[in-house]
Amino acid sequence: MHLFCEKEIQKLIRPELKLLKMYSVIMIDLDYIIRFSLRITRGEMEKIIKKMHQFFQKLFPPESIILKSEGDEFLIFMPEWDRDHTIRLIEEVRKAFKKVKFASEGRDEYKNITFTFSAGVSGCPDDSL
């Protein structure tokens with residue numbers, strides 16, 4: 001089972017790799033979002049995920065490629081970013097993310113809920129074999 005559409009990755013990212021000397025990749029896993037999604041409708045969950053995606057689009061550089069899996073993960077490709085700078089950025093994003101109330105337009109009982117995520121960062125050439 002593929003988390004991300006392999007054809008989409010090939011089309012969007014693979015051509016970039018040949019031209020780049022440096023890039024970073026971030027894998028974001030939304031904490032407990034699957035458990036939360038069992039309490040709300042699919043439409044409500046889609047709105048929350050869309051807001052999260054928009055949040056990431058605002059905080060990551062415009063040249064970043066942000067992909068969403070069918071589950072609770074995001075994959076972010078950052079051309080021309082080294083691992084150390086990416087780690088610093090993801091920490092800033094993580095701190096800002098946990099302050100946002102993504103469900104604020106939904107049911108009253110969930111308006112004040114915040115979410116967190118875990119992330120992993122890999123960089124090229126830093127982590128290359």
# chains A, B, ... in the order shown; residues from 1 in each chain; ligands from 1
$ residues_around --residues "A:Ile28" --least-positions-apart "2" --cutoff "9 Å" --atoms "only C-alpha atoms" --output "NGL selection string"
:A and (26 or 30 or 72-76 or 117-121)
$ write_last_selection --atoms "C-alpha atoms" --output "JSON list (two decimals), in the first residue's frame"
[["chain", "number", "residue", "atom", "x", "y", "z"],
["A", 26, "ILE", "CA", 9.62, 16.22, 5.62],
["A", 30, "LEU", "CA", -0.91, 14.05, 12.43],
["A", 72, "ASP", "CA", -2.96, 11.16, 8.32],
["A", 73, "GLU", "CA", 0.35, 12.09, 6.71],
["A", 74, "PHE", "CA", 1.77, 14.95, 4.68],
["A", 75, "LEU", "CA", 4.94, 14.73, 2.61],
["A", 76, "ILE", "CA", 6.73, 18.01, 1.97],
["A", 117, "PHE", "CA", 1.99, 16.31, 14.73],
["A", 118, "SER", "CA", 5.19, 14.32, 14.66],
["A", 119, "ALA", "CA", 7.69, 14.92, 11.89],
["A", 120, "GLY", "CA", 10.80, 13.43, 10.39],
["A", 121, "VAL", "CA", 13.29, 15.29, 8.20]]
$ closest_atom_pairs --of "stretch 24-114 of chain A" --to "stretch 122-126 of chain A" --cutoff "12 Å" --atoms "only C-alpha atoms" --output "JSON lines"
{"residue": "A:Ser24", "atom": "CA", "partner": "A:Gly123", "partner_atom": "CA", "distance": 4.1}
{"residue": "A:Val25", "atom": "CA", "partner": "A:Ser122", "partner_atom": "CA", "distance": 5.3}
{"residue": "A:Ile26", "atom": "CA", "partner": "A:Ser122", "partner_atom": "CA", "distance": 6.6}
{"residue": "A:Met27", "atom": "CA", "partner": "A:Ser122", "partner_atom": "CA", "distance": 8.7}
{"residue": "A:Ile28", "atom": "CA", "partner": "A:Ser122", "partner_atom": "CA", "distance": 11.8}
{"residue": "A:Leu75", "atom": "CA", "partner": "A:Ser122", "partner_atom": "CA", "distance": 11.3}
{"residue": "A:Ile76", "atom": "CA", "partner": "A:Ser122", "partner_atom": "CA", "distance": 10.6}
{"residue": "A:Phe77", "atom": "CA", "partner": "A:Gly123", "partner_atom": "CA", "distance": 9.9}
{"residue": "A:Met78", "atom": "CA", "partner": "A:Gly123", "partner_atom": "CA", "distance": 9.2}
{"residue": "A:Pro79", "atom": "CA", "partner": "A:Cys124", "partner_atom": "CA", "distance": 9.8}
{"residue": "A:Glu80", "atom": "CA", "partner": "A:Cys124", "partner_atom": "CA", "distance": 9.4}
{"residue": "A:Trp81", "atom": "CA", "partner": "A:Gly123", "partner_atom": "CA", "distance": 7.9}
{"residue": "A:Asp82", "atom": "CA", "partner": "A:Gly123", "partner_atom": "CA", "distance": 5.9}
{"residue": "A:Arg83", "atom": "CA", "partner": "A:Gly123", "partner_atom": "CA", "distance": 4.7}
{"residue": "A:Asp84", "atom": "CA", "partner": "A:Gly123", "partner_atom": "CA", "distance": 8.4}
{"residue": "A:His85", "atom": "CA", "partner": "A:Gly123", "partner_atom": "CA", "distance": 10.0}
{"residue": "A:Thr86", "atom": "CA", "partner": "A:Gly123", "partner_atom": "CA", "distance": 8.4}
{"residue": "A:Ile87", "atom": "CA", "partner": "A:Ser122", "partner_atom": "CA", "distance": 9.0}
{"residue": "A:Ile90", "atom": "CA", "partner": "A:Ser122", "partner_atom": "CA", "distance": 11.8}
$ select_by_dssp --residues "stretch 2-128 of chain A" --states "helix (DSSP H, G or I)" --output "ChimeraX atom specification"
/A:6-12,14-19,33-37,42-59,83-97,108-110
$ write_last_selection --atoms "C-alpha atoms" --output "tab-separated table (two decimals), in the first residue's frame"
chain	number	residue	atom	x	y	z
A	6	GLU	CA	3.59	7.23	-6.84
A	7	LYS	CA	2.76	8.77	-10.22
A	8	GLU	CA	2.24	12.16	-8.58
A	9	ILE	CA	5.58	11.93	-6.81
A	10	GLN	CA	7.32	10.89	-10.03
A	11	LYS	CA	5.74	13.79	-11.94
A	12	LEU	CA	6.27	16.51	-9.34
A	14	ARG	CA	11.63	13.25	-9.62
A	15	PRO	CA	12.51	15.76	-12.39
A	16	GLU	CA	13.63	18.23	-9.68
A	17	LEU	CA	16.03	15.75	-8.13
A	18	LYS	CA	18.23	15.61	-11.22
A	19	LEU	CA	18.74	19.37	-11.12
A	33	ILE	CA	-6.37	12.57	13.97
A	34	ILE	CA	-7.76	9.15	12.99
A	35	ARG	CA	-9.24	8.72	16.46
A	36	PHE	CA	-10.75	12.22	16.28
A	37	SER	CA	-12.16	11.59	12.80
A	42	ARG	CA	-16.39	12.86	6.71
A	43	GLY	CA	-17.27	16.36	5.44
A	44	GLU	CA	-16.22	17.93	8.73
A	45	MET	CA	-12.93	16.02	8.64
A	46	GLU	CA	-12.26	17.08	5.06
A	47	LYS	CA	-12.69	20.74	6.06
A	48	ILE	CA	-10.22	20.32	8.93
A	49	ILE	CA	-7.65	18.61	6.68
A	50	LYS	CA	-8.10	21.32	4.06
A	51	LYS	CA	-7.40	23.98	6.71
A	52	MET	CA	-4.29	22.09	7.79
A	53	HIS	CA	-3.09	21.90	4.19
A	54	GLN	CA	-3.66	25.66	3.78
A	55	PHE	CA	-1.79	26.26	7.03
A	56	PHE	CA	1.20	24.33	5.69
A	57	GLN	CA	1.04	26.22	2.38
A	58	LYS	CA	1.30	29.52	4.25
A	59	LEU	CA	4.21	28.50	6.47
A	83	ARG	CA	18.46	19.50	6.64
A	84	ASP	CA	19.48	21.84	9.47
A	85	HIS	CA	17.45	24.79	8.20
A	86	THR	CA	14.52	22.48	7.53
A	87	ILE	CA	14.64	21.13	11.08
A	88	ARG	CA	14.54	24.66	12.47
A	89	LEU	CA	11.61	25.53	10.20
A	90	ILE	CA	9.61	22.41	11.09
A	91	GLU	CA	10.01	23.21	14.78
A	92	GLU	CA	8.56	26.68	14.19
A	93	VAL	CA	5.72	25.19	12.15
A	94	ARG	CA	5.04	22.55	14.84
A	95	LYS	CA	4.80	25.20	17.58
A	96	ALA	CA	2.43	27.35	15.50
A	97	PHE	CA	0.35	24.32	14.42
A	108	ASP	CA	-19.38	23.54	19.62
A	109	GLU	CA	-17.83	20.69	21.61
A	110	TYR	CA	-14.80	20.62	19.27
$ closest_residue --among "A:Asp29, A:Leu38, A:Ser69, A:Ser104" --to "A:Thr116" --atoms "only C-alpha atoms"
A:Asp29
$ atom_distance --atom1 "atom CA of A:Lys101" --atom2 "atom CA of A:Ile40"
15.3 Å
$ select_by_dssp --residues "chain A" --states "strand (DSSP E or B)" --output "PyMOL selection string"
chain A and resi 23-30+65-68+73-79+117-124
$ atom_distance --atom1 "atom CA of A:Thr41" --atom2 "atom CA of A:Ile113"
16.0 Å
